[in-house]
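*Asks:* Handing you a structure now.
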Amino acid sequence: MRIGTGYDIHRLVEDRRLVLGGVEIPYHKGLLGHSDADVLSHAIADAILGAAGLHDIGHFFPDTDPKLEGIDSQIILRKAIAEVSHLGYKLQNIDSTLIAQEPKIGPHINSMKRVLSNSLGVTEDSIGIKATTNEGVGDIGKGLAIAAQAACLLVN
């Protein structure tokens, strides 16, 4: 068994879509990034890669590559799964937390689980997604950013 953790944070800006866990969330701002800036999917991908002792997503998907601009983060997740599968590992489960002052995340969690389970090749009940605020503290608490943390278990 191998355990990995991941973390990601992106700033909220005008004129961007807000994508979390592969689901577009209706909101007046979106996350700034080279890809779709899906912090939840990025944290999960880094947890998976880290559990296998591999490089982070920046190694596989550098933000200096113009061909990757706007890339769907579900592609990043599928690549992470492929990389660990080549080493003989299988994803057992994910536990994750989204940290956002707003918008409300709860109504979208089941949709996120559906999308993520498809990308990761696991059942929806193998994916935990929790949401919390930052209690008004820091950039996240001021509604300027959204972050995510993830942990995973790989087995072989």
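Every chain in the structure tokens takes a letter, A first, then B, and so on in the order presented; its residues are numbered from 1, and the ligands are numbered from 1 following the presented order.
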Quick one: everything within 10 Å of Val19 of chain A, counting only C-alpha atoms, minus sequence neighbours fewer than 6 positions away in the same chain. Send it as number ranges by chain.

*Replies:* A: 25-27, 30-31, 36-41, 72-73, 112

*Asks:* How about saving the chosen residues, C-alpha atoms kept, as a PDB file, in the first residue's frame?

*Replies:*
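Generated output (selection-v5.pdb):
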```pdb
ATOM      1  CA  ILE A  25     -20.124  25.401 -11.116  1.00  0.00           C
ATOM      2  CA  PRO A  26     -22.339  28.416 -11.826  1.00  0.00           C
ATOM      3  CA  TYR A  27     -20.505  31.378 -10.313  1.00  0.00           C
ATOM      4  CA  GLY A  30     -13.517  31.233 -12.114  1.00  0.00           C
ATOM      5  CA  LEU A  31     -10.088  29.977 -11.167  1.00  0.00           C
ATOM      6  CA  ASP A  36      -8.991  24.722 -16.485  1.00  0.00           C
ATOM      7  CA  ALA A  37      -7.508  25.364 -12.985  1.00  0.00           C
ATOM      8  CA  ASP A  38      -9.582  22.607 -11.347  1.00  0.00           C
ATOM      9  CA  VAL A  39      -7.942  22.635  -7.902  1.00  0.00           C
ATOM     10  CA  LEU A  40      -9.725  19.487  -6.740  1.00  0.00           C
ATOM     11  CA  SER A  41      -8.604  17.409  -9.710  1.00  0.00           C
ATOM     12  CA  ASP A  72      -9.309  19.646 -19.145  1.00  0.00           C
ATOM     13  CA  SER A  73      -8.031  18.416 -15.782  1.00  0.00           C
ATOM     14  CA  MET A 112     -18.171  15.724  -8.970  1.00  0.00           C
TER      15      MET A 112
END
```

*Asks:* Give me, as an mmCIF file with all heavy atoms, in the first residue's frame, all polymer residues having an atom no more than 8 Å from segment 92-94 of chain A, counting only C-alpha atoms and skipping those fewer than 2 positions away in the same chain.

*Replies:*
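Saved result, result-v9.cif, follows:
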```cif
data_model
loop_
_atom_site.group_PDB
_atom_site.id
_atom_site.type_symbol
_atom_site.label_atom_id
_atom_site.label_comp_id
_atom_site.auth_asym_id
_atom_site.auth_seq_id
_atom_site.Cartn_x
_atom_site.Cartn_y
_atom_site.Cartn_z
ATOM 1 N N ILE A 44 -5.932 15.874 -6.359
ATOM 2 C CA ILE A 44 -6.074 14.418 -6.455
ATOM 3 C C ILE A 44 -4.970 13.833 -7.329
ATOM 4 O O ILE A 44 -4.357 12.822 -6.974
ATOM 5 C CB ILE A 44 -7.474 14.047 -6.994
ATOM 6 C CG1 ILE A 44 -8.545 14.398 -5.953
ATOM 7 C CG2 ILE A 44 -7.535 12.565 -7.366
ATOM 8 C CD1 ILE A 44 -9.980 14.299 -6.454
ATOM 9 N N LYS A 90 -2.958 0.226 -8.194
ATOM 10 C CA LYS A 90 -4.377 0.482 -8.454
ATOM 11 C C LYS A 90 -4.877 1.448 -7.388
ATOM 12 O O LYS A 90 -4.539 1.313 -6.208
ATOM 13 C CB LYS A 90 -5.145 -0.834 -8.377
ATOM 14 C CG LYS A 90 -6.631 -0.714 -8.636
ATOM 15 C CD LYS A 90 -7.281 -2.096 -8.556
ATOM 16 C CE LYS A 90 -8.739 -2.036 -8.888
ATOM 17 N NZ LYS A 90 -9.592 -1.386 -7.935
ATOM 18 N N SER A 96 -10.817 13.881 -0.011
ATOM 19 C CA SER A 96 -10.433 15.236 -0.397
ATOM 20 C C SER A 96 -11.275 16.277 0.316
ATOM 21 O O SER A 96 -12.372 15.992 0.804
ATOM 22 C CB SER A 96 -10.580 15.407 -1.914
ATOM 23 O OG SER A 96 -11.929 15.238 -2.306
ATOM 24 N N VAL A 122 -12.719 4.262 -10.626
ATOM 25 C CA VAL A 122 -13.142 3.693 -9.341
ATOM 26 C C VAL A 122 -14.624 4.006 -9.137
ATOM 27 O O VAL A 122 -15.198 4.837 -9.841
ATOM 28 C CB VAL A 122 -12.322 4.256 -8.152
ATOM 29 C CG1 VAL A 122 -10.857 3.892 -8.279
ATOM 30 C CG2 VAL A 122 -12.493 5.771 -8.023
ATOM 31 N N SER A 126 -15.777 5.277 -3.580
ATOM 32 C CA SER A 126 -14.337 5.275 -3.297
ATOM 33 C C SER A 126 -13.765 6.684 -3.252
ATOM 34 O O SER A 126 -12.574 6.858 -3.049
ATOM 35 C CB SER A 126 -13.580 4.479 -4.363
ATOM 36 O OG SER A 126 -13.988 3.137 -4.351
ATOM 37 N N ILE A 127 -14.638 7.676 -3.470
ATOM 38 C CA ILE A 127 -14.199 9.072 -3.529
ATOM 39 C C ILE A 127 -14.913 9.865 -2.447
ATOM 40 O O ILE A 127 -16.145 9.956 -2.442
ATOM 41 C CB ILE A 127 -14.502 9.699 -4.907
ATOM 42 C CG1 ILE A 127 -13.800 8.909 -6.010
ATOM 43 C CG2 ILE A 127 -14.085 11.166 -4.932
ATOM 44 C CD1 ILE A 127 -14.245 9.276 -7.407
ATOM 45 N N GLY A 128 -14.147 10.416 -1.531
ATOM 46 C CA GLY A 128 -14.696 11.304 -0.510
ATOM 47 C C GLY A 128 -14.405 12.743 -0.885
ATOM 48 O O GLY A 128 -13.275 13.080 -1.243
ATOM 49 N N ALA A 150 -5.997 16.611 -0.931
ATOM 50 C CA ALA A 150 -6.432 15.251 -1.235
ATOM 51 C C ALA A 150 -5.427 14.256 -0.676
ATOM 52 O O ALA A 150 -4.240 14.534 -0.579
ATOM 53 C CB ALA A 150 -6.575 15.051 -2.742
ATOM 54 N N ALA A 151 -5.948 13.088 -0.331
ATOM 55 C CA ALA A 151 -5.128 11.953 0.068
ATOM 56 C C ALA A 151 -5.639 10.745 -0.711
ATOM 57 O O ALA A 151 -6.836 10.654 -1.035
ATOM 58 C CB ALA A 151 -5.233 11.697 1.560
ATOM 59 N N CYS A 152 -4.716 9.847 -1.054
ATOM 60 C CA CYS A 152 -5.144 8.638 -1.767
ATOM 61 C C CYS A 152 -4.401 7.425 -1.217
ATOM 62 O O CYS A 152 -3.352 7.546 -0.596
ATOM 63 C CB CYS A 152 -4.903 8.767 -3.266
ATOM 64 S SG CYS A 152 -3.214 8.459 -3.784
ATOM 65 N N LEU A 153 -4.997 6.281 -1.490
ATOM 66 C CA LEU A 153 -4.376 5.005 -1.168
ATOM 67 C C LEU A 153 -4.239 4.215 -2.453
ATOM 68 O O LEU A 153 -5.231 4.017 -3.176
ATOM 69 C CB LEU A 153 -5.231 4.221 -0.163
ATOM 70 C CG LEU A 153 -4.743 2.818 0.193
ATOM 71 C CD1 LEU A 153 -3.399 2.872 0.916
ATOM 72 C CD2 LEU A 153 -5.786 2.110 1.048
ATOM 73 N N LEU A 154 -3.008 3.814 -2.762
ATOM 74 C CA LEU A 154 -2.739 2.926 -3.891
ATOM 75 C C LEU A 154 -2.411 1.547 -3.344
ATOM 76 O O LEU A 154 -1.785 1.422 -2.294
ATOM 77 C CB LEU A 154 -1.538 3.414 -4.704
ATOM 78 C CG LEU A 154 -1.592 4.789 -5.369
ATOM 79 C CD1 LEU A 154 -0.297 5.045 -6.138
ATOM 80 C CD2 LEU A 154 -2.798 4.912 -6.291
ATOM 81 N N VAL A 155 -2.846 0.525 -4.054
ATOM 82 C CA VAL A 155 -2.503 -0.869 -3.688
ATOM 83 C C VAL A 155 -1.920 -1.543 -4.919
ATOM 84 O O VAL A 155 -2.117 -1.103 -6.049
ATOM 85 C CB VAL A 155 -3.743 -1.641 -3.182
ATOM 86 C CG1 VAL A 155 -4.247 -1.044 -1.872
ATOM 87 C CG2 VAL A 155 -4.855 -1.670 -4.210
#
```

*Asks:* Expressed in Å to a single decimal, how great is the separation between atom CA of Gly88 of chain A and atom CA of Gly22 of chain A?

*Replies:*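 Atom-to-atom, atom CA of Gly88 of chain A and atom CA of Gly22 of chain A are spaced 26.0 Å apart.
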
*Asks:* Identify, on the basis of only C-alpha atoms, every residue whose closest approach to Ala148 of chain A does not exceed 7 Å; exclude the query and any residue fewer than 5 positions from it along the same chain; express the result as a ChimeraX atom specification.

*Replies:* /A:7-9,39-40,43,97-99

*Asks:* Got time to write the residues from that selection, C-alpha atoms, as a PDB file, in the first residue's frame?

*Replies:*
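Result saved to part_14.pdb:
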```
ATOM      1  CA  TYR A   7      -2.667  20.299  -2.475  1.00  0.00           C
ATOM      2  CA  ASP A   8      -3.565  23.040  -4.925  1.00  0.00           C
ATOM      3  CA  ILE A   9      -4.761  26.646  -4.788  1.00  0.00           C
ATOM      4  CA  VAL A  39      -7.942  22.635  -7.902  1.00  0.00           C
ATOM      5  CA  LEU A  40      -9.725  19.487  -6.740  1.00  0.00           C
ATOM      6  CA  ALA A  43      -4.798  17.934  -5.740  1.00  0.00           C
ATOM      7  CA  THR A  97     -11.442  18.636   0.936  1.00  0.00           C
ATOM      8  CA  LEU A  98     -12.376  21.745  -1.018  1.00  0.00           C
ATOM      9  CA  ILE A  99     -11.752  25.005   0.842  1.00  0.00           C
TER      10      ILE A  99
END
```

*Asks:* Going by DSSP on the backbone, which residues of segment 22-87 of chain A come out as alpha helix (DSSP H)? List them as a PyMOL selection string.

*Replies:* chain A and resi 39-51+57-60+73-86

*Asks:* I want to know what sits within 6 Å of segment 49-66 of chain A, based on only C-alpha atoms, with residues of the same chain fewer than 2 positions away left out; could you give that as a list of chain:residue names?

*Replies:* A:Arg2, A:Ile3, A:Gly4, A:His34, A:Asp46, A:Ala47, A:Leu68, A:Glu69, A:Ala80

*Asks:* May I have the selected residues written with C-alpha atoms, as an mmCIF file, in the first residue's frame?

*Replies:*
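Final file, selection-v3.cif:
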```cif
data_model
loop_
_atom_site.group_PDB
_atom_site.id
_atom_site.type_symbol
_atom_site.label_atom_id
_atom_site.label_comp_id
_atom_site.auth_asym_id
_atom_site.auth_seq_id
_atom_site.Cartn_x
_atom_site.Cartn_y
_atom_site.Cartn_z
ATOM 1 C CA ARG A 2 1.140 3.516 -0.769
ATOM 2 C CA ILE A 3 -0.364 6.756 0.566
ATOM 3 C CA GLY A 4 -0.089 10.131 -1.170
ATOM 4 C CA HIS A 34 -2.915 27.559 -17.443
ATOM 5 C CA ASP A 46 -0.697 15.054 -7.198
ATOM 6 C CA ALA A 47 -1.791 12.700 -4.405
ATOM 7 C CA LEU A 68 -1.673 22.584 -22.782
ATOM 8 C CA GLU A 69 -3.405 25.923 -22.299
ATOM 9 C CA ALA A 80 -1.912 10.090 -13.338
#
```

*Asks:* If you run DSSP on the backbone here, which positions in segment 4-153 of chain A get strand (DSSP E)? Please write them as JSON, numbers by chain.

*Replies:* {"A": [4, 5, 6, 7, 8, 9, 10, 11, 12, 13, 18, 19, 20, 23, 24, 25, 30, 31, 90, 91, 92, 93, 94, 95, 96, 97, 98, 99, 127, 128, 129, 130, 131, 132, 145, 146, 147, 148, 149, 150, 151, 152, 153]}

*Asks:* Grab the residues selected above and save them as a CSV table (one decimal), in the first residue's frame with N, CA and C atoms.

*Replies:*
```
chain,number,residue,atom,x,y,z
A,4,GLY,N,-0.6,8.9,-0.6
A,4,GLY,CA,-0.1,10.1,-1.2
A,4,GLY,C,-1.0,11.3,-0.8
A,5,THR,N,-0.4,12.5,-0.8
A,5,THR,CA,-1.2,13.7,-0.5
A,5,THR,C,-1.0,14.7,-1.6
A,6,GLY,N,-2.0,15.5,-1.8
A,6,GLY,CA,-1.9,16.6,-2.8
A,6,GLY,C,-2.5,17.9,-2.3
A,7,TYR,N,-2.1,19.0,-2.8
A,7,TYR,CA,-2.7,20.3,-2.5
A,7,TYR,C,-2.6,21.2,-3.7
A,8,ASP,N,-3.6,22.0,-3.9
A,8,ASP,CA,-3.6,23.0,-4.9
A,8,ASP,C,-4.4,24.2,-4.5
A,9,ILE,N,-4.0,25.4,-5.0
A,9,ILE,CA,-4.8,26.6,-4.8
A,9,ILE,C,-4.7,27.5,-6.0
A,10,HIS,N,-5.8,28.2,-6.4
A,10,HIS,CA,-5.8,29.1,-7.5
A,10,HIS,C,-6.6,30.3,-7.1
A,11,ARG,N,-6.3,31.4,-7.7
A,11,ARG,CA,-7.0,32.7,-7.5
A,11,ARG,C,-8.3,32.7,-8.3
A,12,LEU,N,-9.3,33.3,-7.7
A,12,LEU,CA,-10.6,33.5,-8.4
A,12,LEU,C,-10.5,34.8,-9.2
A,13,VAL,N,-10.9,34.8,-10.4
A,13,VAL,CA,-10.9,36.0,-11.3
A,13,VAL,C,-12.2,36.1,-12.1
A,18,LEU,N,-15.7,28.4,-13.6
A,18,LEU,CA,-15.3,27.7,-12.3
A,18,LEU,C,-15.5,26.2,-12.5
A,19,VAL,N,-14.5,25.5,-12.6
A,19,VAL,CA,-14.5,24.0,-12.7
A,19,VAL,C,-13.9,23.4,-11.5
A,20,LEU,N,-14.7,22.5,-10.8
A,20,LEU,CA,-14.2,21.8,-9.6
A,20,LEU,C,-14.6,20.3,-9.7
A,23,VAL,N,-16.6,19.4,-12.8
A,23,VAL,CA,-18.0,20.0,-13.0
A,23,VAL,C,-17.9,21.5,-13.0
A,24,GLU,N,-18.6,22.1,-14.0
A,24,GLU,CA,-18.7,23.5,-14.1
A,24,GLU,C,-19.7,24.0,-13.1
A,25,ILE,N,-19.3,24.9,-12.2
A,25,ILE,CA,-20.1,25.4,-11.1
A,25,ILE,C,-20.6,26.8,-11.5
A,30,GLY,N,-14.1,32.5,-11.9
A,30,GLY,CA,-13.5,31.2,-12.1
A,30,GLY,C,-12.1,31.2,-11.6
A,31,LEU,N,-11.5,30.1,-11.7
A,31,LEU,CA,-10.1,30.0,-11.2
A,31,LEU,C,-9.1,30.3,-12.3
A,90,LYS,N,-3.0,0.2,-8.2
A,90,LYS,CA,-4.4,0.5,-8.5
A,90,LYS,C,-4.9,1.4,-7.4
A,91,LEU,N,-5.7,2.4,-7.8
A,91,LEU,CA,-6.3,3.4,-6.9
A,91,LEU,C,-7.3,2.7,-6.0
A,92,GLN,N,-7.2,2.8,-4.7
A,92,GLN,CA,-8.2,2.2,-3.8
A,92,GLN,C,-9.2,3.2,-3.4
A,93,ASN,N,-8.8,4.4,-3.0
A,93,ASN,CA,-9.7,5.4,-2.6
A,93,ASN,C,-9.1,6.8,-2.6
A,94,ILE,N,-9.9,7.8,-2.6
A,94,ILE,CA,-9.5,9.2,-2.5
A,94,ILE,C,-10.3,9.9,-1.3
A,95,ASP,N,-9.7,10.7,-0.5
A,95,ASP,CA,-10.3,11.5,0.4
A,95,ASP,C,-9.9,13.0,0.1
A,96,SER,N,-10.8,13.9,0.0
A,96,SER,CA,-10.4,15.2,-0.4
A,96,SER,C,-11.3,16.3,0.3
A,97,THR,N,-10.7,17.5,0.3
A,97,THR,CA,-11.4,18.6,0.9
A,97,THR,C,-11.3,19.8,0.0
A,98,LEU,N,-12.4,20.5,-0.3
A,98,LEU,CA,-12.4,21.7,-1.0
A,98,LEU,C,-12.5,22.8,0.0
A,99,ILE,N,-11.7,23.9,-0.1
A,99,ILE,CA,-11.8,25.0,0.8
A,99,ILE,C,-12.1,26.2,0.1
A,127,ILE,N,-14.6,7.7,-3.5
A,127,ILE,CA,-14.2,9.1,-3.5
A,127,ILE,C,-14.9,9.9,-2.4
A,128,GLY,N,-14.1,10.4,-1.5
A,128,GLY,CA,-14.7,11.3,-0.5
A,128,GLY,C,-14.4,12.7,-0.9
A,129,ILE,N,-15.4,13.6,-0.8
A,129,ILE,CA,-15.3,15.0,-1.1
A,129,ILE,C,-16.0,15.8,0.0
A,130,LYS,N,-15.2,16.5,0.7
A,130,LYS,CA,-15.8,17.4,1.8
A,130,LYS,C,-15.6,18.8,1.4
A,131,ALA,N,-16.4,19.7,1.9
A,131,ALA,CA,-16.2,21.1,1.7
A,131,ALA,C,-16.3,21.9,3.0
A,132,THR,N,-15.4,23.0,3.0
A,132,THR,CA,-15.4,23.8,4.2
A,132,THR,C,-15.1,25.2,3.7
A,145,ALA,N,-9.7,33.2,-3.5
A,145,ALA,CA,-9.0,31.9,-4.0
A,145,ALA,C,-9.8,30.7,-3.5
A,146,ILE,N,-9.6,29.6,-4.1
A,146,ILE,CA,-10.1,28.3,-3.7
A,146,ILE,C,-9.0,27.3,-3.6
A,147,ALA,N,-9.0,26.5,-2.6
A,147,ALA,CA,-7.9,25.5,-2.5
A,147,ALA,C,-8.5,24.1,-2.3
A,148,ALA,N,-7.7,23.1,-2.5
A,148,ALA,CA,-8.1,21.7,-2.3
A,148,ALA,C,-7.0,20.9,-1.7
A,149,GLN,N,-7.3,19.9,-0.9
A,149,GLN,CA,-6.4,18.9,-0.4
A,149,GLN,C,-6.9,17.6,-0.7
A,150,ALA,N,-6.0,16.6,-0.9
A,150,ALA,CA,-6.4,15.3,-1.2
A,150,ALA,C,-5.4,14.3,-0.7
A,151,ALA,N,-5.9,13.1,-0.3
A,151,ALA,CA,-5.1,12.0,0.1
A,151,ALA,C,-5.6,10.7,-0.7
A,152,CYS,N,-4.7,9.8,-1.1
A,152,CYS,CA,-5.1,8.6,-1.8
A,152,CYS,C,-4.4,7.4,-1.2
A,153,LEU,N,-5.0,6.3,-1.5
A,153,LEU,CA,-4.4,5.0,-1.2
A,153,LEU,C,-4.2,4.2,-2.5
```

*Asks:* Do you know which residues are at most 8 Å from Glu102 of chain A counting only C-alpha atoms, after dropping those on the same chain fewer than 3 positions away, and could you put them as a PDB file with C-alpha atoms, in the first residue's frame?

*Replies:*
```
ATOM      1  CA  ILE A 105     -19.977  23.311  -2.885  1.00  0.00           C
ATOM      2  CA  THR A 133     -14.930  27.556   4.346  1.00  0.00           C
ATOM      3  CA  GLY A 143     -13.264  34.964  -1.548  1.00  0.00           C
TER       4      GLY A 143
END
```

*Asks:* Please determine, counting only C-alpha atoms, which residue among A:Asp139, A:His42, A:Ile76, A:Ile48 has the shortest atom-to-atom distance to Tyr89 of chain A.

*Replies:*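 Nearest to Tyr89 of chain A: A:Ile48.
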
*Asks:* Point out the residue among A:Leu144, A:Leu32, A:Val115, A:Ala100 with the least atom-to-atom distance to Gly70 of chain A, counting only C-alpha atoms.

*Replies:*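 Ranking A:Leu144, A:Leu32, A:Val115, A:Ala100 by distance to Gly70 of chain A, first place goes to A:Leu32.
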
*Asks:* May I ask for the distance between atom CA of Gln74 of chain A and atom CA of Leu116 of chain A, given in Å to one decimal place?

*Replies:* 7.6 Å

*Asks:* Would you mind reading off the distance between atom CA of Arg78 of chain A and atom CA of Ser117 of chain A, one decimal, in Å?

*Replies:*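 Interatomic distance here is 10.6 Å.
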